[in-house]
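Take a look at the structure below.
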Number of protein chains: 2
Amino acid sequence: MSSGSAGGIRERKKHETREALHRAALSLYLAQGPDAVTISDICEAAGVSRRTFFNYFESKDDAVMDWNEERAGGSVAERIAARPDQEEPLEAVHQAVRTGIVRLLEHETWRQRQLLVSRHPRLVPLAFAGNRRTRGLMAEAVARRIGAEPGDRYPRVLAAAANAVAQAALAQWDPEDSGAALLEILDASFAMAAAGFSPPS
Amino acid sequence: MSSGSAGGIRERKKHETREALHRAALSLYLAQGPDAVTISDICEAAGVSRRTFFNYFESKDDAVMDWNEERAGGSVAERIAARPDQEEPLEAVHQAVRTGIVRLLEHETWRQRQLLVSRHPRLVPLAFAGNRRTRGLMAEAVARRIGAEPGDRYPRVLAAAANAVAQAALAQWDPEDSGAALLEILDASFAMAAAGFSPPS
DNA sequence: GCCCAAGGTTACACCGAGGGCAAGTTTGCA
DNA sequence: TGCAAACTTGCCCTCGGTGTAACCTTGGGC
């Protein structure tokens, strides 16, 4: 056997099955809308049994929002830590988020996800379901930068606000537009935060 | 018949049933944890049939998070509009949120809700499920203040960030503490936003 | 007081989500 | 080749959620 790059056939097949379920779920969601898709439909499209589905995901939404591609860009926390020391915390977070989005924009499935979410607002909370953890890691990274405790007020408030600003930017972006447009919106939105939200002239 | 204040027996009974279901759901959630409670349990405690439950709520979480008490304080949008004209938008939103929280603190059921949420983080998104609408109304109110369109970037980003700051404040508050403590946290958090999140000395 | 219509409640039946379990199948390794 | 670990599957169950139709209560007209 030539076998896969990592591990053996077993690992590769698991990955393929997961990917097949994810793709099937995403395209069915896009084609028919979230409510019209049943787990059985997804399984049929992916060629596995209904029971197997639950070996990989806890729900159909879980399958659609699967995030293994995010990891393909490193974590936000790492990117914050990598910013120059003298940079203000908010700016460091801004740049960390920015490069994260640049990487995500390269993934076609991520764009499809955004399209799906923008078409079905019901899914918005799901798209950001992983954000509680992300926010926590962001707060930790910020705390480490300024020598504070991770539980301190400042890092937490900053992380929450930065996340919200990023979400708002995403929500204002049309996923059929260029990635550059999203980055413009993002930069403008963070500039508002840096200015203490004083009203634009 | 002495009858209720508004309408007849019918209206009153509907209201009582809704309230009974809400209270039953809340206390069962608190006593047993969200996952251990079934809709049948709630119905038994409230003395109605399972089918009737769904005449009032779409899910058990919906019943727990029922918000008729929020309305007993007017909307955030109204309170923003009521702030003095020369006040900066962020400060107006801050004060509007603040008085809203002051009112909510008077409601025992609201405090129970917060306790429940703080004990079961899984519920956090639900507690803020109504926030999409709230955020929209906030953005509109801010837009009206500065003579912008409701869809403009500034009002939306401000509303999103203010909401996140308020959420972060709530999350840092122990619901068994005094209401004054929550207000202190809230004020300090908004001060950070007004300062453009420059790090504390 | 009687009766009828509107509306609220209930039982029943059904489908999909989700998960436990044990048997069957494939892979990895000796 | 053979065995153990791991993955898949079918079966069965409970709970969430909804349509339907029968039933009961309320309120208003006669």
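Lettering and numbering for the structure tokens are positional, with chains as A, B, ... in the shown order, residues counted from 1 in each chain, and ligands counted from 1 in the shown order.
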
Per-residue nearest contacts of chain B to chain A (10 Å; only C-alpha atoms) as CSV:
residue,atom,partner,partner_atom,distance
B:Glu88,CA,A:Ser198,CA,7.0
B:Pro89,CA,A:Pro199,CA,7.0
B:Leu90,CA,A:Phe197,CA,6.5
B:Glu91,CA,A:Phe197,CA,9.6
B:Pro121,CA,A:Arg132,CA,9.6
B:Val124,CA,A:Arg132,CA,9.6
B:Pro125,CA,A:Pro125,CA,7.5
B:Leu126,CA,A:Pro125,CA,9.5
B:Phe128,CA,A:Pro125,CA,9.9
B:Ala129,CA,A:Pro125,CA,8.3
B:Arg132,CA,A:Val124,CA,9.6
B:Val142,CA,A:Pro199,CA,10.0
B:Ile146,CA,A:Pro199,CA,7.8
B:Gly151,CA,A:Gln172,CA,9.0
B:Asp152,CA,A:Gln172,CA,9.3
B:Arg153,CA,A:Ser189,CA,7.6
B:Tyr154,CA,A:Met192,CA,7.5
B:Pro155,CA,A:Pro199,CA,9.0
B:Arg156,CA,A:Ala168,CA,6.9
B:Val157,CA,A:Ala168,CA,5.8
B:Leu158,CA,A:Phe197,CA,6.6
B:Ala159,CA,A:Ala168,CA,9.1
B:Ala160,CA,A:Ala164,CA,5.6
B:Ala161,CA,A:Ala161,CA,5.0
B:Ala162,CA,A:Ala161,CA,7.6
B:Asn163,CA,A:Ala164,CA,8.2
B:Ala164,CA,A:Ala161,CA,5.4
B:Val165,CA,A:Ala161,CA,5.9
B:Ala166,CA,A:Val157,CA,8.9
B:Gln167,CA,A:Ala160,CA,8.1
B:Ala168,CA,A:Val157,CA,5.8
B:Ala169,CA,A:Val157,CA,7.6
B:Ala171,CA,A:Arg156,CA,9.6
B:Gln172,CA,A:Arg153,CA,7.8
B:Ile185,CA,A:Arg153,CA,8.4
B:Ala188,CA,A:Arg153,CA,8.7
B:Ser189,CA,A:Val157,CA,6.5
B:Phe190,CA,A:Val157,CA,8.9
B:Ala191,CA,A:Gly196,CA,9.2
B:Met192,CA,A:Tyr154,CA,7.5
B:Ala193,CA,A:Gly196,CA,5.6
B:Ala194,CA,A:Gly196,CA,4.3
B:Ala195,CA,A:Gly196,CA,5.3
B:Gly196,CA,A:Gly196,CA,3.9
B:Phe197,CA,A:Leu90,CA,6.4
B:Ser198,CA,A:Glu88,CA,7.0
B:Pro199,CA,A:Pro89,CA,7.1
B:Pro200,CA,A:Tyr154,CA,7.6
B:Ser201,CA,A:Ile146,CA,10.0

Restricting it to C-alpha atoms, dump the selection as an mmCIF file, in the first residue's frame.
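Contents of the output file selection.cif:
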data_model
loop_
_atom_site.group_PDB
_atom_site.id
_atom_site.type_symbol
_atom_site.label_atom_id
_atom_site.label_comp_id
_atom_site.auth_asym_id
_atom_site.auth_seq_id
_atom_site.Cartn_x
_atom_site.Cartn_y
_atom_site.Cartn_z
ATOM 1 C CA GLU B 88 -21.945 61.658 22.565
ATOM 2 C CA PRO B 89 -23.551 58.571 20.972
ATOM 3 C CA LEU B 90 -21.520 56.063 22.974
ATOM 4 C CA GLU B 91 -22.353 57.780 26.231
ATOM 5 C CA PRO B 121 -22.649 28.616 30.153
ATOM 6 C CA VAL B 124 -25.355 32.179 27.270
ATOM 7 C CA PRO B 125 -26.221 32.398 23.574
ATOM 8 C CA LEU B 126 -29.886 31.898 24.410
ATOM 9 C CA PHE B 128 -28.819 37.002 24.178
ATOM 10 C CA ALA B 129 -30.901 35.442 21.432
ATOM 11 C CA ARG B 132 -30.095 40.665 17.080
ATOM 12 C CA VAL B 142 -27.996 55.943 17.116
ATOM 13 C CA ILE B 146 -26.488 61.740 14.371
ATOM 14 C CA GLY B 151 -27.713 50.856 7.631
ATOM 15 C CA ASP B 152 -24.593 53.004 7.890
ATOM 16 C CA ARG B 153 -21.415 51.544 9.230
ATOM 17 C CA TYR B 154 -20.938 53.688 12.310
ATOM 18 C CA PRO B 155 -24.283 52.989 14.006
ATOM 19 C CA ARG B 156 -23.972 49.285 13.391
ATOM 20 C CA VAL B 157 -20.449 48.970 14.671
ATOM 21 C CA LEU B 158 -21.275 51.069 17.701
ATOM 22 C CA ALA B 159 -24.361 49.000 18.493
ATOM 23 C CA ALA B 160 -22.454 45.742 18.131
ATOM 24 C CA ALA B 161 -19.597 46.905 20.325
ATOM 25 C CA ALA B 162 -21.840 48.421 22.992
ATOM 26 C CA ASN B 163 -23.793 45.221 23.162
ATOM 27 C CA ALA B 164 -20.632 43.184 23.530
ATOM 28 C CA VAL B 165 -19.346 45.472 26.265
ATOM 29 C CA ALA B 166 -22.626 45.110 28.152
ATOM 30 C CA GLN B 167 -22.506 41.338 27.744
ATOM 31 C CA ALA B 168 -18.935 41.207 28.985
ATOM 32 C CA ALA B 169 -19.930 43.238 32.016
ATOM 33 C CA ALA B 171 -20.535 37.888 32.385
ATOM 34 C CA GLN B 172 -18.100 39.299 34.912
ATOM 35 C CA ILE B 185 -18.478 46.896 36.225
ATOM 36 C CA ALA B 188 -15.831 50.789 33.986
ATOM 37 C CA SER B 189 -16.296 48.694 30.856
ATOM 38 C CA PHE B 190 -17.921 51.501 28.902
ATOM 39 C CA ALA B 191 -15.148 53.827 30.048
ATOM 40 C CA MET B 192 -12.665 51.485 28.378
ATOM 41 C CA ALA B 193 -14.597 51.705 25.136
ATOM 42 C CA ALA B 194 -14.749 55.498 25.344
ATOM 43 C CA ALA B 195 -10.973 55.563 25.818
ATOM 44 C CA GLY B 196 -10.492 53.627 22.606
ATOM 45 C CA PHE B 197 -9.382 50.606 24.630
ATOM 46 C CA SER B 198 -6.020 52.138 25.417
ATOM 47 C CA PRO B 199 -4.471 49.966 28.117
ATOM 48 C CA PRO B 200 -5.068 50.935 31.766
ATOM 49 C CA SER B 201 -2.103 52.466 33.565
#

Report task. Please provide the set of residues having any atom within 12 Å of stretch 8-22 of chain D, restricted to only C-alpha atoms (C1' of nucleotides), with same-chain residues fewer than 4 positions apart removed, written as a PyMOL selection string. Result -> (chain A and resi 13-14+17+47-56) or (chain B and resi 35-41+50-55+57-61) or (chain C and resi 9-26)

**Report entry** Picked from stretch 74-185 of chain B by DSSP as helix (DSSP H, G or I), as a PyMOL selection string
**Finding:** chain B and resi 76-81+89-105+108-119+121-127+131-146+153-172+179-185

With C-alpha atoms retained, export the selected residues as a compact mmCIF listing (two decimals), in the first residue's frame.
# COMPACT_ATOMS: atom_id res chain seq x y z
CA VAL B 76 -33.40 50.59 24.77
CA ALA B 77 -34.11 52.51 21.60
CA GLU B 78 -36.59 54.76 23.39
CA ARG B 79 -34.15 55.38 26.18
CA ILE B 80 -31.41 56.30 23.71
CA ALA B 81 -33.75 58.76 22.01
CA PRO B 89 -23.55 58.57 20.97
CA LEU B 90 -21.52 56.06 22.97
CA GLU B 91 -22.35 57.78 26.23
CA ALA B 92 -26.03 57.94 25.32
CA VAL B 93 -26.06 54.21 24.64
CA HIS B 94 -24.17 53.58 27.87
CA GLN B 95 -26.71 55.48 29.93
CA ALA B 96 -29.64 53.89 28.12
CA VAL B 97 -28.28 50.42 28.80
CA ARG B 98 -27.54 51.41 32.38
CA THR B 99 -31.07 52.47 33.23
CA GLY B 100 -32.37 49.37 31.53
CA ILE B 101 -30.23 47.24 33.79
CA VAL B 102 -31.29 49.19 36.84
CA ARG B 103 -34.90 48.28 36.04
CA LEU B 104 -34.11 44.66 35.31
CA LEU B 105 -32.30 44.35 38.63
CA GLU B 108 -36.42 38.71 40.89
CA THR B 109 -37.05 36.44 37.91
CA TRP B 110 -34.44 38.30 35.90
CA ARG B 111 -31.88 37.73 38.63
CA GLN B 112 -32.80 34.05 38.69
CA ARG B 113 -32.29 33.96 34.97
CA GLN B 114 -28.85 35.45 35.29
CA LEU B 115 -28.00 32.96 37.99
CA LEU B 116 -29.11 30.15 35.75
CA VAL B 117 -27.05 31.44 32.85
CA SER B 118 -23.95 31.93 34.97
CA ARG B 119 -24.25 28.36 36.21
CA PRO B 121 -22.65 28.62 30.15
CA ARG B 122 -24.37 26.59 27.45
CA LEU B 123 -27.29 28.98 27.87
CA VAL B 124 -25.36 32.18 27.27
CA PRO B 125 -26.22 32.40 23.57
CA LEU B 126 -29.89 31.90 24.41
CA ALA B 127 -29.88 34.69 26.94
CA ASN B 131 -30.09 40.67 20.82
CA ARG B 132 -30.09 40.66 17.08
CA ARG B 133 -33.31 42.65 17.17
CA THR B 134 -32.08 44.82 20.04
CA ARG B 135 -28.87 45.59 18.20
CA GLY B 136 -30.84 46.62 15.14
CA LEU B 137 -33.01 48.98 17.17
CA MET B 138 -29.96 50.39 18.90
CA ALA B 139 -28.30 51.06 15.56
CA GLU B 140 -31.44 52.80 14.32
CA ALA B 141 -31.65 54.97 17.40
CA VAL B 142 -28.00 55.94 17.12
CA ALA B 143 -28.41 56.69 13.42
CA ARG B 144 -31.35 58.97 14.14
CA ARG B 145 -29.30 60.83 16.74
CA ILE B 146 -26.49 61.74 14.37
CA ARG B 153 -21.42 51.54 9.23
CA TYR B 154 -20.94 53.69 12.31
CA PRO B 155 -24.28 52.99 14.01
CA ARG B 156 -23.97 49.28 13.39
CA VAL B 157 -20.45 48.97 14.67
CA LEU B 158 -21.28 51.07 17.70
CA ALA B 159 -24.36 49.00 18.49
CA ALA B 160 -22.45 45.74 18.13
CA ALA B 161 -19.60 46.91 20.32
CA ALA B 162 -21.84 48.42 22.99
CA ASN B 163 -23.79 45.22 23.16
CA ALA B 164 -20.63 43.18 23.53
CA VAL B 165 -19.35 45.47 26.26
CA ALA B 166 -22.63 45.11 28.15
CA GLN B 167 -22.51 41.34 27.74
CA ALA B 168 -18.94 41.21 28.99
CA ALA B 169 -19.93 43.24 32.02
CA LEU B 170 -22.80 40.89 32.77
CA ALA B 171 -20.53 37.89 32.39
CA GLN B 172 -18.10 39.30 34.91
CA GLY B 179 -26.77 45.27 41.72
CA ALA B 180 -24.43 48.14 42.51
CA ALA B 181 -21.48 45.88 41.73
CA LEU B 182 -22.90 45.19 38.27
CA LEU B 183 -23.33 48.89 37.58
CA GLU B 184 -19.74 49.57 38.60
CA ILE B 185 -18.48 46.90 36.22

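In this model, the gap between atom CA of A:Glu11 and atom C1' of D:DA6 comes to 10.6 Å.
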
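Atom CA of B:His22 sits 6.8 Å away from atom CA of B:Asp66.
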
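Between atom C1' of D:DC3 and atom CA of A:Arg10 the interatomic distance comes to 17.8 Å.
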
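Distances to chain D were evaluated for A:Ile9, A:Pro84, A:Asp177, A:Ile42 using only C-alpha atoms (C1' of nucleotides), and the minimum falls at A:Ile9.
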